[in-house]
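J.: Please read through the structure below; I'll follow up with questions.
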Amino acid sequence: MTRDVKVVSPEMKMQEVLNLFRVARISGAPVVSDGQLIGIISLEDLIRALRDMGGANSILPSSVI
């Protein structure tokens with residue numbers, strides 16, 4: 001059985017990623033740019049980035065990808 005894999009782009013805001021995780025009920029996703037896998041982000045990564053950066057309207061920092 002194949003599932004619809006949810007992917008994240010590096011240009012997405014952290015709030016968008018959090019909403020995707022909540023709606024899709026997932027705790028992580030591959031980060032894809034121009035069809036290439038460039039990393040994986042987890043809910044834990046987002047929590048740390050939000051704590052360190054202080055805002056969900058920031059784009060994904062490269063340190064969490």
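Simple scheme: letters A, B, ... for chains in structure tokens order, numbers from 1 for residues in each chain, numbers from 1 for ligands in the order shown.
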Skip Ser33 of chain A itself and residues of its chain fewer than 4 positions away, then list as a PDB file with N, CA and C atoms, in the first residue's frame all residues within 7 Å of it, counting only C-alpha atoms.
T.:
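File written: out_31.pdb
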```
ATOM      1  N   SER A   9       9.048  22.142   1.999  1.00  0.00           N
ATOM      2  CA  SER A   9      10.068  22.861   1.232  1.00  0.00           C
ATOM      3  C   SER A   9      10.810  23.797   2.185  1.00  0.00           C
ATOM      4  N   PRO A  10      12.066  24.118   1.882  1.00  0.00           N
ATOM      5  CA  PRO A  10      12.827  24.993   2.776  1.00  0.00           C
ATOM      6  C   PRO A  10      12.272  26.417   2.851  1.00  0.00           C
ATOM      7  N   LEU A  37      15.865  15.484  -2.324  1.00  0.00           N
ATOM      8  CA  LEU A  37      15.821  15.425  -0.873  1.00  0.00           C
ATOM      9  C   LEU A  37      17.028  16.177  -0.308  1.00  0.00           C
ATOM     10  N   ILE A  38      16.752  17.158   0.552  1.00  0.00           N
ATOM     11  CA  ILE A  38      17.865  17.914   1.143  1.00  0.00           C
ATOM     12  C   ILE A  38      17.929  17.749   2.654  1.00  0.00           C
TER      13      ILE A  38
END
```
J.: What's around Leu46 of chain A at 9 Å? Count only C-alpha atoms, leave out sequence neighbours fewer than 2 positions away in its own chain, and write the answer as a PyMOL selection string.
T.: chain A and resi 14+17-18+41-44+48-51+60+64
J.: Could you check how far atom CA of Ile26 of chain A sits from atom CA of Asp45 of chain A, in Å to one decimal?
T.: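 Between atom CA of Ile26 of chain A and atom CA of Asp45 of chain A the gap works out to 13.3 Å.
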J.: Please indicate the distance in Å from atom CA of Asp34 of chain A to atom CA of Met53 of chain A, rounded to one decimal place.
T.: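 That distance, rounded to one decimal, is 26.2 Å.
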J.: Atom CA of Ile40 of chain A and atom CA of Val23 of chain A are how many Å apart?
T.: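 Separating atom CA of Ile40 of chain A from atom CA of Val23 of chain A is a distance of 18.3 Å.
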J.: Within 12 Å of Leu20 of chain A, counting only C-alpha atoms, which residues show up once you throw out same-chain ones fewer than 4 positions away? Write them as a PDB file with all heavy atoms, in the first residue's frame, please.
T.:
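That gives us selection-v1.pdb:
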```pdb
ATOM      1  N   VAL A   5       2.936  10.787   0.616  1.00  0.00           N
ATOM      2  CA  VAL A   5       3.999  11.310   1.471  1.00  0.00           C
ATOM      3  C   VAL A   5       3.905  12.824   1.534  1.00  0.00           C
ATOM      4  O   VAL A   5       3.839  13.496   0.508  1.00  0.00           O
ATOM      5  CB  VAL A   5       5.386  10.873   0.941  1.00  0.00           C
ATOM      6  CG1 VAL A   5       6.494  11.493   1.782  1.00  0.00           C
ATOM      7  CG2 VAL A   5       5.492   9.368   0.901  1.00  0.00           C
ATOM      8  N   LYS A   6       3.882  13.349   2.730  1.00  0.00           N
ATOM      9  CA  LYS A   6       3.870  14.799   2.943  1.00  0.00           C
ATOM     10  C   LYS A   6       5.303  15.290   2.928  1.00  0.00           C
ATOM     11  O   LYS A   6       6.163  14.731   3.610  1.00  0.00           O
ATOM     12  CB  LYS A   6       3.215  15.153   4.276  1.00  0.00           C
ATOM     13  CG  LYS A   6       1.819  14.599   4.461  1.00  0.00           C
ATOM     14  CD  LYS A   6       0.871  15.146   3.428  1.00  0.00           C
ATOM     15  CE  LYS A   6      -0.534  14.611   3.713  1.00  0.00           C
ATOM     16  NZ  LYS A   6      -1.400  14.714   2.584  1.00  0.00           N
ATOM     17  N   VAL A   7       5.573  16.316   2.130  1.00  0.00           N
ATOM     18  CA  VAL A   7       6.918  16.874   2.058  1.00  0.00           C
ATOM     19  C   VAL A   7       6.880  18.350   2.423  1.00  0.00           C
ATOM     20  O   VAL A   7       5.847  19.007   2.333  1.00  0.00           O
ATOM     21  CB  VAL A   7       7.560  16.689   0.663  1.00  0.00           C
ATOM     22  CG1 VAL A   7       7.712  15.222   0.334  1.00  0.00           C
ATOM     23  CG2 VAL A   7       6.766  17.389  -0.410  1.00  0.00           C
ATOM     24  N   VAL A   8       8.030  18.854   2.815  1.00  0.00           N
ATOM     25  CA  VAL A   8       8.198  20.236   3.234  1.00  0.00           C
ATOM     26  C   VAL A   8       9.236  20.872   2.318  1.00  0.00           C
ATOM     27  O   VAL A   8      10.177  20.201   1.891  1.00  0.00           O
ATOM     28  CB  VAL A   8       8.682  20.269   4.701  1.00  0.00           C
ATOM     29  CG1 VAL A   8       9.026  21.657   5.141  1.00  0.00           C
ATOM     30  CG2 VAL A   8       7.644  19.651   5.613  1.00  0.00           C
ATOM     31  N   SER A   9       9.048  22.142   1.999  1.00  0.00           N
ATOM     32  CA  SER A   9      10.068  22.861   1.232  1.00  0.00           C
ATOM     33  C   SER A   9      10.810  23.797   2.185  1.00  0.00           C
ATOM     34  O   SER A   9      10.253  24.241   3.190  1.00  0.00           O
ATOM     35  CB  SER A   9       9.443  23.663   0.087  1.00  0.00           C
ATOM     36  OG  SER A   9       8.803  24.811   0.585  1.00  0.00           O
ATOM     37  N   MET A  12       9.101  27.124   3.321  1.00  0.00           N
ATOM     38  CA  MET A  12       7.893  27.144   4.147  1.00  0.00           C
ATOM     39  C   MET A  12       8.170  27.810   5.483  1.00  0.00           C
ATOM     40  O   MET A  12       9.261  27.692   6.034  1.00  0.00           O
ATOM     41  CB  MET A  12       7.366  25.724   4.378  1.00  0.00           C
ATOM     42  CG  MET A  12       6.759  25.092   3.152  1.00  0.00           C
ATOM     43  SD  MET A  12       6.218  23.392   3.433  1.00  0.00           S
ATOM     44  CE  MET A  12       4.740  23.667   4.395  1.00  0.00           C
ATOM     45  N   LYS A  13       7.168  28.496   5.996  1.00  0.00           N
ATOM     46  CA  LYS A  13       7.267  29.075   7.335  1.00  0.00           C
ATOM     47  C   LYS A  13       7.059  27.959   8.361  1.00  0.00           C
ATOM     48  O   LYS A  13       6.377  26.968   8.089  1.00  0.00           O
ATOM     49  CB  LYS A  13       6.220  30.165   7.526  1.00  0.00           C
ATOM     50  CG  LYS A  13       6.494  31.376   6.667  1.00  0.00           C
ATOM     51  CD  LYS A  13       5.532  32.476   6.944  1.00  0.00           C
ATOM     52  CE  LYS A  13       5.916  33.673   6.088  1.00  0.00           C
ATOM     53  NZ  LYS A  13       5.088  34.828   6.368  1.00  0.00           N
ATOM     54  N   MET A  14       7.652  28.150   9.511  1.00  0.00           N
ATOM     55  CA  MET A  14       7.539  27.122  10.544  1.00  0.00           C
ATOM     56  C   MET A  14       6.081  26.863  10.926  1.00  0.00           C
ATOM     57  O   MET A  14       5.702  25.733  11.192  1.00  0.00           O
ATOM     58  CB  MET A  14       8.372  27.504  11.759  1.00  0.00           C
ATOM     59  CG  MET A  14       9.862  27.373  11.491  1.00  0.00           C
ATOM     60  SD  MET A  14      10.868  27.546  12.970  1.00  0.00           S
ATOM     61  CE  MET A  14      10.968  29.336  13.069  1.00  0.00           C
ATOM     62  N   GLN A  15       5.261  27.901  10.934  1.00  0.00           N
ATOM     63  CA  GLN A  15       3.844  27.719  11.261  1.00  0.00           C
ATOM     64  C   GLN A  15       3.157  26.824  10.236  1.00  0.00           C
ATOM     65  O   GLN A  15       2.319  25.996  10.595  1.00  0.00           O
ATOM     66  CB  GLN A  15       3.132  29.078  11.338  1.00  0.00           C
ATOM     67  CG  GLN A  15       1.687  28.967  11.775  1.00  0.00           C
ATOM     68  CD  GLN A  15       1.558  28.441  13.191  1.00  0.00           C
ATOM     69  OE1 GLN A  15       2.213  28.942  14.101  1.00  0.00           O
ATOM     70  NE2 GLN A  15       0.736  27.436  13.395  1.00  0.00           N
ATOM     71  N   GLU A  16       3.505  26.966   8.962  1.00  0.00           N
ATOM     72  CA  GLU A  16       2.931  26.107   7.923  1.00  0.00           C
ATOM     73  C   GLU A  16       3.321  24.647   8.146  1.00  0.00           C
ATOM     74  O   GLU A  16       2.493  23.748   7.976  1.00  0.00           O
ATOM     75  CB  GLU A  16       3.415  26.546   6.538  1.00  0.00           C
ATOM     76  CG  GLU A  16       2.928  27.903   6.097  1.00  0.00           C
ATOM     77  CD  GLU A  16       3.570  28.347   4.802  1.00  0.00           C
ATOM     78  OE1 GLU A  16       4.820  28.437   4.741  1.00  0.00           O
ATOM     79  OE2 GLU A  16       2.813  28.595   3.853  1.00  0.00           O
ATOM     80  N   ALA A  24      -1.986  16.393   9.222  1.00  0.00           N
ATOM     81  CA  ALA A  24      -1.646  15.070   8.682  1.00  0.00           C
ATOM     82  C   ALA A  24      -1.339  14.055   9.781  1.00  0.00           C
ATOM     83  O   ALA A  24      -1.162  12.873   9.487  1.00  0.00           O
ATOM     84  CB  ALA A  24      -0.449  15.190   7.738  1.00  0.00           C
ATOM     85  N   ARG A  25      -1.257  14.540  11.026  1.00  0.00           N
ATOM     86  CA  ARG A  25      -0.956  13.683  12.176  1.00  0.00           C
ATOM     87  C   ARG A  25       0.376  12.958  11.993  1.00  0.00           C
ATOM     88  O   ARG A  25       0.477  11.744  12.151  1.00  0.00           O
ATOM     89  CB  ARG A  25      -2.089  12.711  12.440  1.00  0.00           C
ATOM     90  CG  ARG A  25      -3.411  13.411  12.634  1.00  0.00           C
ATOM     91  CD  ARG A  25      -4.497  12.493  12.998  1.00  0.00           C
ATOM     92  NE  ARG A  25      -4.769  12.799  14.414  1.00  0.00           N
ATOM     93  CZ  ARG A  25      -5.520  12.070  15.180  1.00  0.00           C
ATOM     94  NH1 ARG A  25      -6.085  10.995  14.731  1.00  0.00           N
ATOM     95  NH2 ARG A  25      -5.708  12.404  16.421  1.00  0.00           N
ATOM     96  N   ILE A  26       1.392  13.757  11.649  1.00  0.00           N
ATOM     97  CA  ILE A  26       2.741  13.225  11.472  1.00  0.00           C
ATOM     98  C   ILE A  26       3.701  13.965  12.399  1.00  0.00           C
ATOM     99  O   ILE A  26       3.381  15.039  12.894  1.00  0.00           O
ATOM    100  CB  ILE A  26       3.213  13.341  10.000  1.00  0.00           C
ATOM    101  CG1 ILE A  26       3.180  14.799   9.515  1.00  0.00           C
ATOM    102  CG2 ILE A  26       2.378  12.438   9.095  1.00  0.00           C
ATOM    103  CD1 ILE A  26       3.727  15.012   8.106  1.00  0.00           C
ATOM    104  N   SER A  27       4.860  13.389  12.608  1.00  0.00           N
ATOM    105  CA  SER A  27       5.836  14.030  13.491  1.00  0.00           C
ATOM    106  C   SER A  27       7.144  14.335  12.767  1.00  0.00           C
ATOM    107  O   SER A  27       8.114  14.746  13.386  1.00  0.00           O
ATOM    108  CB  SER A  27       6.119  13.143  14.698  1.00  0.00           C
ATOM    109  OG  SER A  27       6.659  11.906  14.280  1.00  0.00           O
ATOM    110  N   GLY A  28       7.150  14.158  11.458  1.00  0.00           N
ATOM    111  CA  GLY A  28       8.337  14.464  10.680  1.00  0.00           C
ATOM    112  C   GLY A  28       8.034  14.376   9.202  1.00  0.00           C
ATOM    113  O   GLY A  28       7.018  13.791   8.801  1.00  0.00           O
ATOM    114  N   ALA A  29       8.912  14.982   8.394  1.00  0.00           N
ATOM    115  CA  ALA A  29       8.712  14.969   6.944  1.00  0.00           C
ATOM    116  C   ALA A  29      10.032  15.222   6.226  1.00  0.00           C
ATOM    117  O   ALA A  29      10.915  15.907   6.756  1.00  0.00           O
ATOM    118  CB  ALA A  29       7.698  16.041   6.534  1.00  0.00           C
ATOM    119  N   SER A  42      11.832  17.123  11.928  1.00  0.00           N
ATOM    120  CA  SER A  42      10.941  16.488  12.889  1.00  0.00           C
ATOM    121  C   SER A  42      10.236  17.550  13.727  1.00  0.00           C
ATOM    122  O   SER A  42      10.636  18.720  13.745  1.00  0.00           O
ATOM    123  CB  SER A  42      11.733  15.557  13.807  1.00  0.00           C
ATOM    124  OG  SER A  42      12.565  16.316  14.667  1.00  0.00           O
ATOM    125  N   LEU A  43       9.229  17.123  14.432  1.00  0.00           N
ATOM    126  CA  LEU A  43       8.518  18.021  15.332  1.00  0.00           C
ATOM    127  C   LEU A  43       9.474  18.556  16.395  1.00  0.00           C
ATOM    128  O   LEU A  43       9.436  19.737  16.747  1.00  0.00           O
ATOM    129  CB  LEU A  43       7.342  17.293  15.980  1.00  0.00           C
ATOM    130  CG  LEU A  43       6.435  18.114  16.877  1.00  0.00           C
ATOM    131  CD1 LEU A  43       5.879  19.320  16.137  1.00  0.00           C
ATOM    132  CD2 LEU A  43       5.314  17.249  17.410  1.00  0.00           C
TER     133      LEU A  43
END
```
